[in-house]
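S.K.: So that we are looking at the same thing, I have put the structure below in structure tokens.
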Amino acid sequence: MTEKAKASVTKGERTRQKIVETAAVLFNQRGFTGCSMGDIVEASGLEKGTLYGHFSSKEELALLAFEYAWKDTSDKRLRNVETVSNAVDKLKLHIDNYVNTPSFYQGDARS
């Protein structure tokens, strides 16, 4: 993200994105039913009111977290494919990206 783009994003938008990214990791690790809103509050370091100020329900947050995780993984798996003109090399690059990119981050949600 460029400095100009960072400046145009509000604090609320950054907080909302942090919540989505944290939730994406937790939902991936624990599943929808294995992850509570309290778990997301704890992992994000935010207050419960802040979480509910941005999302009216766990379902709403889960949908956005899934969309975020899907896009992040897809972007990584398609990385640099458009720069290759040869179809065979493009396929090799796509396979390499697929093999070397996990489905989604499995690490500690607090990092």
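Going by the structure tokens order, chains are called A, B, ..., each with residues numbered from 1, while ligands are numbered from 1 in the order shown.
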For Lys58 (chain A), please output as a list in words all residues within 10 Å (counting only C-alpha atoms; exclusion window: fewer than 6 positions along the same chain).
M.R.: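 Neighbouring residues, sequence-local ones excluded: Ala23, Phe32, Thr33, Cys35, Ser36, Met37, Ile40, Leu51 and Tyr52 of chain A.
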S.K.: I'd like the contact shell of Lys90 (chain A) - 12 Å cut-off, only C-alpha atoms, skipping same-chain residues fewer than 4 positions apart - returned as a PDB file with C-alpha atoms, in the first residue's frame.
M.R.:
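Written out: selection_25.pdb:
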```pdb
ATOM      1  CA  ARG A  77      -1.563 -18.401  -6.214  1.00  0.00           C
ATOM      2  CA  LEU A  78      -1.917 -16.254  -9.335  1.00  0.00           C
ATOM      3  CA  ARG A  79       1.140 -14.112  -8.537  1.00  0.00           C
ATOM      4  CA  ASN A  80       3.178 -13.237 -11.662  1.00  0.00           C
ATOM      5  CA  VAL A  81       1.130 -15.512 -13.957  1.00  0.00           C
ATOM      6  CA  GLU A  82       0.215 -12.533 -16.176  1.00  0.00           C
ATOM      7  CA  THR A  83       3.915 -11.774 -16.789  1.00  0.00           C
ATOM      8  CA  VAL A  84       4.514 -15.092 -18.565  1.00  0.00           C
ATOM      9  CA  SER A  85       3.470 -15.308 -22.211  1.00  0.00           C
ATOM     10  CA  ASN A  86       4.220 -18.973 -22.923  1.00  0.00           C
ATOM     11  CA  HIS A  94       0.626 -21.478 -11.604  1.00  0.00           C
ATOM     12  CA  ILE A  95       1.363 -24.985 -10.294  1.00  0.00           C
ATOM     13  CA  ASP A  96       4.439 -23.738  -8.450  1.00  0.00           C
ATOM     14  CA  ASN A  97       2.426 -20.925  -6.854  1.00  0.00           C
TER      15      ASN A  97
END
```
S.K.: Mind pulling up the distance from CA of Tyr98 (chain A) to CA of Ala65 (chain A)?
M.R.: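 Distance reported for this atom pair: 20.8 Å.
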S.K.: So the first atom is CA of Phe55 (chain A) and the second is CA of Thr15 (chain A); what is the distance between them in Å, to one decimal place?
M.R.: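 CA of Thr15 (chain A) lies 11.4 Å from CA of Phe55 (chain A).
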S.K.: Quick check for you: according to DSSP on this backbone, which residues of chain A are classed as alpha helix (DSSP H)? Reply as a PyMOL selection string.
M.R.: chain A and resi 3-8+11-30+37-44+48-54+58-77+87-100
S.K.: A:Gly31, A:Gly38, A:Gly45, A:Gly53: which is nearest Gly12 (chain A), counting only C-alpha atoms?
M.R.: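 Closest to Gly12 (chain A), using only C-alpha atoms: A:Gly53.
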S.K.: So how far away is CA of Gln29 (chain A) from CA of Thr10 (chain A), in Å?
M.R.: 29.0 Å
